[in-house]
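Engineer: Just passing along the structure, written as structure tokens.
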Amino acid sequence: MDANEAQEKINKLFGSYRAEWLNDQVFELFSEPSYFPGLVTMRPCVLLGGRGTGKTTVLRCLSYEGQFALRKSDLNEFSNQEFFGIFYRVDTNRVTALRGSERDEAQWTKLFGHYFNLVLGGLFVRFLCWHREKYPALASFNQETLDLIAAAFNLSQQPDIERLAKALRTSMVAFEAQINNIVEKDVEALTIQGAPIDVLVEASLELPQFKGKQFYFLIDEYENLEDYQQRAVNTIIKHSGSIFSVKMGVRQLGWRRKDTLSGTEQLNSPADYNRISLTDVLAGDVFDQFALKVCQARVDRVDGQDGHLDVKALFPGLSDEDEAELLIRENDPFDPSMRSLIEAVPPEVARLFSRLNILEKVFLVTWPDNKGAPDKFRESVELLSRDDIKWRERYENYKHSLLFWLRRGKSGIRKYYAGWDVYAKLAAGNIRFFLELIDRALILHLQKNEVWGVPVSVKTQTETAQAVGRKNLEELEGLDVDGAKLTKLLLGLGRVFQVMATDPIKHTPEVTQFQLNGTQISGDEFERASRLLGSAVNHLALLRLVGSKPSDPGDTKDSDYAIHPIYSAFFGFSYRRKRKMTLSYGNILSLVDNPKQAIRDILEKSGRVGDDEPLPEQMVLFENYYATANK
């Protein structure tokens, strides 16, 4: 297979990171995640995760279209289906039309309840028509039942299910057209929220083919609903479970309201629903195995031979020691004072030192207590070479952080980000990010005139990781009304962690997280900073981590934060979840309003002087931001 053919197949199979782009191919390429069986119950479920964590794919594969496709369109096999899912993606354009000063919230709630009845009812009846088309010999509604369903939706009598589907569609379109003229006249014949759906589902369960079966409403992008609309749908979720169940996908911090229309009820897990945090369930080895299944299926299609090519083997990594050798090959990290320290030790100590690997040598020479102290240096060499427990632990704690120090301030690659396991950590449970890394690395590999099937070089993998981080950073501005602020916040935090990473000596190694101190800030500033942090988490600029004590999923207090690892290669700091520092809410706002001074203040607080170190090459495009100092 030539390079052009391979690139075309890779773009088709890996390049479609979103389920919406894959169309029906999403079912062919579906790999069942470990939590999937937990969704196939009558218990309401909430899939909580950022964009790209697979919520849409899973919900679409739970739908009747997905299940039919996954069963290879076998009518006999599908006839044994135990559940039928009705998929609905919340359309922002439509639901936001149901707001405004023309009506109060109570009136909008009634209008939305009616609209939601038409949406779910229309989708459900479309399923019934689809099922009747596939199985024409099965029983259908009698006229009495059709009349009851039509009356529940305030429709005229219809002779069959197909005409009922058309009437529901017409009613919904007419309602949507009428909404923009809501000031001029009232909407007539509203239905009570949920009541027509109950009538429709109950009638369907009476049909022989659906007796004992389960119906699910699968609601994707729940965060797009207005707050009052979430309360309305929460009410349906609260009282579902007997004749149908609701499964929904929502971004972190996107489920803003958990109360119902009663004003006294709250949805609580696990009493009312099963909460599935995709960040938690797709972590570590679980995500690694899931990603391997997803990518292997795609590579098999590119290669044309199932199992012929191991996708994991295409992405070799480096040990810390091997990476140090590669980085030092182009740069002598030792200054004259360090050289003199090495040359001052007795011959027997020099022999012990020569047997150490290069990273162990760097560690001993840079250890603060050894600088300018030949006796201490000699003692340290002897202890480390004999695997003294204390010195071995010190080495293990610092060795990875020293990789960022070896080529500080130099041109070219300063730190490698390579290997299947490293890519999995960069993605941090996000399958879309992982597919993007794999796709771009394979394409760049072929663009360099490398052969398909030959492992991707660590240099190409690193360049890919940097490019993917930059691309996602550049896209932040268009994702949110505060997108420009999110970009500035990420640029500021990224620079802080990058400078700290290159200066680990005499400091706590691998600082990659931060916690917040809320003192000395006004209520307005706190709200601004909290809103910005919430938006950053929602759009995966930051990861919100569980702090030392439990906190509500929508709260910014008592949490730790980290830049999403997908950006770590671009900025040049560790992708590993390690140690943390403390920032104030004021620091968060200053990184947006006055970045140069804010970065300097944070670094000085950590014991580092300024941020005068040259920007890594991949960050030079943003140098204007780092030069900004508001008066």
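In the structure tokens, the first chain shown is A, the next is B, and so on; residue numbers restart at 1 for each chain, and ligands run from 1 in the order shown.
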If we count only C-alpha atoms and set the cut-off at 7 Å, which residues sit around Leu426 of chain A, ignoring sequence neighbours fewer than 6 positions away in its own chain? Please answer as a list of chain:residue names.
Structural biologist: A:Pro565, A:Ile566, A:Tyr575
Engineer: May I have the residues within 9 Å of Asn587 of chain A as a PyMOL selection string, using only C-alpha atoms and disregarding those fewer than 3 positions away in the same chain?
Structural biologist: chain A and resi 583-584+590-592+598-599+601-602
Engineer: Taking into account only C-alpha atoms, which residue in the set A:Gly284, A:Gly50, A:Pro504, A:Gly419 is nearest to Leu318 of chain A?
Structural biologist: A:Gly419
Engineer: Show which residues sit within 9 Å of Gly54 of chain A, as a list in words. Count only C-alpha atoms, and ignore same-chain residues fewer than 4 positions away.
Structural biologist: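 Near Gly54 of chain A, the qualifying residues are Arg18, Ala19, Gly49, Gly50, Val58, Leu59, Leu278, Asn430, Ile431 and Arg432 of chain A.
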Engineer: Could you save the residues just selected, with C-alpha atoms, as a short mmCIF file (atom, residue, chain, number, x, y, z; two decimals), in the first residue's frame?
Structural biologist:
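Once written, selection-v8.cif looks like this:
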data_model
loop_
_atom_site.label_atom_id
_atom_site.label_comp_id
_atom_site.auth_asym_id
_atom_site.auth_seq_id
_atom_site.Cartn_x
_atom_site.Cartn_y
_atom_site.Cartn_z
CA ARG A 18 -16.67 13.30 16.35
CA ALA A 19 -19.48 10.77 16.19
CA GLY A 49 -17.58 14.07 30.69
CA GLY A 50 -15.94 16.70 28.54
CA VAL A 58 -22.31 5.58 23.39
CA LEU A 59 -25.79 7.15 23.37
CA LEU A 278 -16.16 9.17 32.23
CA ASN A 430 -10.55 11.52 26.12
CA ILE A 431 -10.89 9.21 23.12
CA ARG A 432 -11.24 12.12 20.68
#
Engineer: Let's see if you can do this: from backbone DSSP, list all strand (DSSP E or B) residues in segment 303-546 of chain A, as a PyMOL selection string.
Structural biologist: chain A and resi 511-517+542-546
Engineer: Could you save those same residues with N, CA and C atoms as a JSON list (two decimals), in the first residue's frame?
Structural biologist:
[["chain", "number", "residue", "atom", "x", "y", "z"],
["A", 511, "VAL", "N", 5.71, 20.04, 39.51],
["A", 511, "VAL", "CA", 4.50, 20.74, 39.95],
["A", 511, "VAL", "C", 3.61, 20.86, 38.73],
["A", 512, "THR", "N", 2.46, 20.19, 38.75],
["A", 512, "THR", "CA", 1.57, 20.16, 37.58],
["A", 512, "THR", "C", 0.12, 20.48, 37.92],
["A", 513, "GLN", "N", -0.16, 20.81, 39.19],
["A", 513, "GLN", "CA", -1.53, 21.10, 39.60],
["A", 513, "GLN", "C", -1.55, 22.36, 40.46],
["A", 514, "PHE", "N", -2.75, 22.88, 40.67],
["A", 514, "PHE", "CA", -2.87, 24.01, 41.59],
["A", 514, "PHE", "C", -4.18, 23.93, 42.35],
["A", 515, "GLN", "N", -4.15, 24.47, 43.55],
["A", 515, "GLN", "CA", -5.35, 24.64, 44.35],
["A", 515, "GLN", "C", -5.56, 26.13, 44.56],
["A", 516, "LEU", "N", -6.76, 26.51, 44.99],
["A", 516, "LEU", "CA", -7.10, 27.93, 45.07],
["A", 516, "LEU", "C", -7.28, 28.38, 46.51],
["A", 517, "ASN", "N", -6.77, 29.58, 46.77],
["A", 517, "ASN", "CA", -6.96, 30.24, 48.05],
["A", 517, "ASN", "C", -7.90, 31.41, 47.82],
["A", 542, "LEU", "N", -8.90, 23.03, 31.39],
["A", 542, "LEU", "CA", -8.43, 22.55, 32.69],
["A", 542, "LEU", "C", -9.16, 21.26, 33.05],
["A", 543, "LEU", "N", -8.51, 20.45, 33.86],
["A", 543, "LEU", "CA", -9.16, 19.32, 34.50],
["A", 543, "LEU", "C", -9.46, 19.71, 35.94],
["A", 544, "ARG", "N", -10.64, 19.41, 36.38],
["A", 544, "ARG", "CA", -11.02, 19.64, 37.77],
["A", 544, "ARG", "C", -10.88, 18.33, 38.50],
["A", 545, "LEU", "N", -10.02, 18.31, 39.51],
["A", 545, "LEU", "CA", -9.70, 17.09, 40.22],
["A", 545, "LEU", "C", -10.32, 17.13, 41.61],
["A", 546, "VAL", "N", -10.60, 15.97, 42.16],
["A", 546, "VAL", "CA", -11.19, 15.90, 43.50],
["A", 546, "VAL", "C", -10.16, 16.35, 44.51]]
Engineer: Could you please determine the separation between atom CA of Lys293 of chain A and atom CA of Phe434 of chain A in Å, to one decimal place?
Structural biologist: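 According to the coordinates, atom CA of Lys293 of chain A and atom CA of Phe434 of chain A are separated by 12.2 Å.
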Engineer: With only C-alpha atoms as the counted atoms, please give the residues lying no more than 8 Å from Ala165 of chain A, apart from itself and same-chain residues fewer than 4 positions off, as a PyMOL selection string.
Structural biologist: chain A and resi 122+125-126+129+161+169
Engineer: Near Leu48 of chain A, counting only C-alpha atoms, which residues have an atom at most 12 Å away, once you skip same-chain residues fewer than 4 positions from it, shown as a PyMOL selection string?
Structural biologist: chain A and resi 52-56+220-223+247-255+274-282+538+553-554
Engineer: Write the residues of the selection above to a file with N, CA, C and O atoms, as a compact mmCIF listing (two decimals), in the first residue's frame.
Structural biologist:
# COMPACT_ATOMS: atom_id res chain seq x y z
N GLY A 52 -15.50 14.97 23.61
CA GLY A 52 -14.55 13.98 23.14
C GLY A 52 -14.39 12.76 24.01
O GLY A 52 -13.55 11.90 23.73
N THR A 53 -15.18 12.66 25.09
CA THR A 53 -15.05 11.49 25.96
C THR A 53 -15.93 10.33 25.52
O THR A 53 -15.93 9.28 26.16
N GLY A 54 -16.70 10.50 24.44
CA GLY A 54 -17.45 9.39 23.88
C GLY A 54 -18.91 9.34 24.26
O GLY A 54 -19.58 8.33 24.00
N LYS A 55 -19.44 10.41 24.85
CA LYS A 55 -20.85 10.40 25.28
C LYS A 55 -21.79 10.19 24.10
O LYS A 55 -22.70 9.34 24.14
N THR A 56 -21.59 10.97 23.04
CA THR A 56 -22.48 10.88 21.88
C THR A 56 -22.41 9.50 21.24
O THR A 56 -23.44 8.92 20.88
N ASP A 220 -28.73 13.83 24.50
CA ASP A 220 -27.32 14.24 24.39
C ASP A 220 -27.19 15.75 24.46
O ASP A 220 -28.11 16.48 24.10
N GLU A 221 -26.05 16.21 24.95
CA GLU A 221 -25.73 17.65 25.08
C GLU A 221 -26.75 18.35 25.98
O GLU A 221 -27.30 19.41 25.66
N TYR A 222 -26.96 17.76 27.13
CA TYR A 222 -27.93 18.27 28.12
C TYR A 222 -27.58 19.68 28.56
O TYR A 222 -28.45 20.46 28.95
N GLU A 223 -26.28 20.01 28.50
CA GLU A 223 -25.84 21.34 28.94
C GLU A 223 -26.42 22.46 28.08
O GLU A 223 -26.44 23.63 28.49
N LYS A 247 -31.53 8.38 29.76
CA LYS A 247 -30.06 8.36 29.81
C LYS A 247 -29.59 9.67 29.17
O LYS A 247 -30.04 10.01 28.07
N MET A 248 -28.73 10.39 29.85
CA MET A 248 -28.32 11.67 29.27
C MET A 248 -26.81 11.83 29.31
O MET A 248 -26.12 11.29 30.18
N GLY A 249 -26.31 12.59 28.34
CA GLY A 249 -24.90 12.94 28.29
C GLY A 249 -24.75 14.42 28.53
O GLY A 249 -25.47 15.23 27.94
N VAL A 250 -23.83 14.80 29.42
CA VAL A 250 -23.66 16.20 29.77
C VAL A 250 -22.19 16.47 30.07
O VAL A 250 -21.47 15.62 30.60
N ARG A 251 -21.73 17.65 29.71
CA ARG A 251 -20.35 18.05 30.01
C ARG A 251 -20.19 18.34 31.49
O ARG A 251 -21.16 18.64 32.18
N GLN A 252 -18.95 18.27 31.95
CA GLN A 252 -18.67 18.64 33.33
C GLN A 252 -19.12 20.07 33.57
O GLN A 252 -18.88 20.96 32.76
N LEU A 253 -19.79 20.28 34.70
CA LEU A 253 -20.34 21.57 35.12
C LEU A 253 -21.47 22.05 34.21
O LEU A 253 -21.95 23.17 34.35
N GLY A 254 -21.92 21.19 33.27
CA GLY A 254 -23.00 21.58 32.38
C GLY A 254 -24.38 21.29 32.96
O GLY A 254 -25.37 21.83 32.48
N TRP A 255 -24.44 20.43 33.96
CA TRP A 255 -25.72 20.15 34.62
C TRP A 255 -25.86 21.16 35.76
O TRP A 255 -25.50 20.90 36.90
N ASN A 274 -27.96 6.87 38.10
CA ASN A 274 -26.61 6.33 38.16
C ASN A 274 -25.67 7.34 37.50
O ASN A 274 -25.78 7.63 36.32
N ARG A 275 -24.75 7.90 38.26
CA ARG A 275 -23.81 8.90 37.76
C ARG A 275 -22.54 8.20 37.28
O ARG A 275 -21.86 7.53 38.05
N ILE A 276 -22.24 8.34 35.99
CA ILE A 276 -21.05 7.72 35.42
C ILE A 276 -20.11 8.82 34.96
O ILE A 276 -20.34 9.48 33.94
N SER A 277 -19.07 9.06 35.75
CA SER A 277 -18.06 10.05 35.40
C SER A 277 -17.05 9.39 34.46
O SER A 277 -16.31 8.48 34.87
N LEU A 278 -17.02 9.82 33.22
CA LEU A 278 -16.16 9.17 32.23
C LEU A 278 -14.69 9.39 32.55
O LEU A 278 -13.85 8.57 32.19
N THR A 279 -14.36 10.49 33.22
CA THR A 279 -12.98 10.72 33.63
C THR A 279 -12.53 9.64 34.60
O THR A 279 -11.36 9.22 34.60
N ASP A 280 -13.47 9.18 35.44
CA ASP A 280 -13.13 8.16 36.44
C ASP A 280 -13.15 6.75 35.86
O ASP A 280 -12.24 5.96 36.11
N VAL A 281 -14.19 6.44 35.08
CA VAL A 281 -14.32 5.06 34.60
C VAL A 281 -13.38 4.75 33.45
O VAL A 281 -13.04 3.60 33.20
N LEU A 282 -12.94 5.81 32.72
CA LEU A 282 -11.99 5.60 31.64
C LEU A 282 -10.63 6.15 32.05
O LEU A 282 -10.10 7.09 31.47
N ASN A 538 -15.30 23.11 31.57
CA ASN A 538 -16.32 22.67 30.61
C ASN A 538 -15.72 22.42 29.24
O ASN A 538 -16.14 21.51 28.51
N PRO A 553 -20.33 18.59 42.25
CA PRO A 553 -19.78 18.62 40.89
C PRO A 553 -19.84 19.99 40.23
O PRO A 553 -19.08 20.27 39.32
N GLY A 554 -20.71 20.87 40.68
CA GLY A 554 -20.81 22.19 40.07
C GLY A 554 -20.06 23.27 40.82
O GLY A 554 -20.13 24.44 40.47
Engineer: Select from segment 485-550 of chain A everything DSSP, run on the backbone, classes as helix (DSSP H, G or I), then give the selection as a PyMOL selection string.
Structural biologist: chain A and resi 485-501+523-538
Engineer: Quick one: of A:Arg43, A:His400, A:Lys425, A:His445, who's nearest to Ala501 of chain A, counting only C-alpha atoms?
Structural biologist: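 Smallest separation from Ala501 of chain A among the options: A:His400.
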Engineer: When you look at His539 of chain A with a cut-off of 8 Å (counting only C-alpha atoms), what residues show up, excluding the ones that are within fewer than 6 positions of it in the same chain? I need them as number ranges by chain.
Structural biologist: A: 50-51, 476, 479
Engineer: Write a file of the selected residues as a PDB file, in the first residue's frame, keeping all heavy atoms.
Structural biologist:
ATOM      1  N   GLY A  50     -16.209  15.615  29.470  1.00  0.00           N
ATOM      2  CA  GLY A  50     -15.936  16.705  28.543  1.00  0.00           C
ATOM      3  C   GLY A  50     -16.152  16.283  27.105  1.00  0.00           C
ATOM      4  O   GLY A  50     -16.424  15.116  26.803  1.00  0.00           O
ATOM      5  N   ARG A  51     -16.019  17.250  26.205  1.00  0.00           N
ATOM      6  CA  ARG A  51     -16.158  16.948  24.777  1.00  0.00           C
ATOM      7  C   ARG A  51     -15.081  15.938  24.389  1.00  0.00           C
ATOM      8  O   ARG A  51     -13.929  16.021  24.799  1.00  0.00           O
ATOM      9  CB  ARG A  51     -16.035  18.228  23.943  1.00  0.00           C
ATOM     10  CG  ARG A  51     -14.740  18.988  24.145  1.00  0.00           C
ATOM     11  CD  ARG A  51     -14.758  20.345  23.449  1.00  0.00           C
ATOM     12  NE  ARG A  51     -13.563  21.118  23.786  1.00  0.00           N
ATOM     13  CZ  ARG A  51     -12.448  21.104  23.086  1.00  0.00           C
ATOM     14  NH1 ARG A  51     -12.360  20.366  21.998  1.00  0.00           N
ATOM     15  NH2 ARG A  51     -11.400  21.833  23.447  1.00  0.00           N
ATOM     16  N   LEU A 476      -9.832  27.199  21.284  1.00  0.00           N
ATOM     17  CA  LEU A 476     -10.553  27.583  22.499  1.00  0.00           C
ATOM     18  C   LEU A 476     -11.328  28.879  22.324  1.00  0.00           C
ATOM     19  O   LEU A 476     -12.424  29.038  22.851  1.00  0.00           O
ATOM     20  CB  LEU A 476      -9.570  27.746  23.670  1.00  0.00           C
ATOM     21  CG  LEU A 476      -9.230  26.519  24.499  1.00  0.00           C
ATOM     22  CD1 LEU A 476      -8.250  26.897  25.593  1.00  0.00           C
ATOM     23  CD2 LEU A 476     -10.478  25.886  25.093  1.00  0.00           C
ATOM     24  N   LEU A 479     -14.931  28.536  21.161  1.00  0.00           N
ATOM     25  CA  LEU A 479     -15.806  27.576  21.819  1.00  0.00           C
ATOM     26  C   LEU A 479     -16.761  28.211  22.821  1.00  0.00           C
ATOM     27  O   LEU A 479     -17.723  27.582  23.246  1.00  0.00           O
ATOM     28  CB  LEU A 479     -14.968  26.502  22.543  1.00  0.00           C
ATOM     29  CG  LEU A 479     -14.146  25.564  21.664  1.00  0.00           C
ATOM     30  CD1 LEU A 479     -13.337  24.616  22.534  1.00  0.00           C
ATOM     31  CD2 LEU A 479     -15.049  24.767  20.727  1.00  0.00           C
TER      32      LEU A 479
END
Engineer: Considering only C-alpha atoms, return as a ChimeraX atom specification whatever protein or nucleic-acid residues lie within 10 Å of Lys485 of chain A, sequence-local ones (same chain, fewer than 2 positions apart) excluded.
Structural biologist: /A:476-477,480-483,487-491,532,535-536,589,591-593
Engineer: Give me, as JSON lines, the closest atom pair and its distance (Å, one decimal) for every residue of segment 119-184 of chain A within a cut-off of 6 Å of segment 195-213 of chain A, counting only C-alpha atoms, rows sorted by chain and rising number.
Structural biologist:
{"residue": "A:Ile149", "atom": "CA", "partner": "A:Leu200", "partner_atom": "CA", "distance": 5.9}
{"residue": "A:Ala152", "atom": "CA", "partner": "A:Pro196", "partner_atom": "CA", "distance": 4.9}
{"residue": "A:Phe153", "atom": "CA", "partner": "A:Pro196", "partner_atom": "CA", "distance": 5.8}
Engineer: Which residue, A:Ile192, A:Leu621, A:Pro44, A:Asp560, has the smallest gap to Pro270 of chain A when you use only C-alpha atoms?
Structural biologist: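 Of all the options, A:Pro44 lies closest to Pro270 of chain A.
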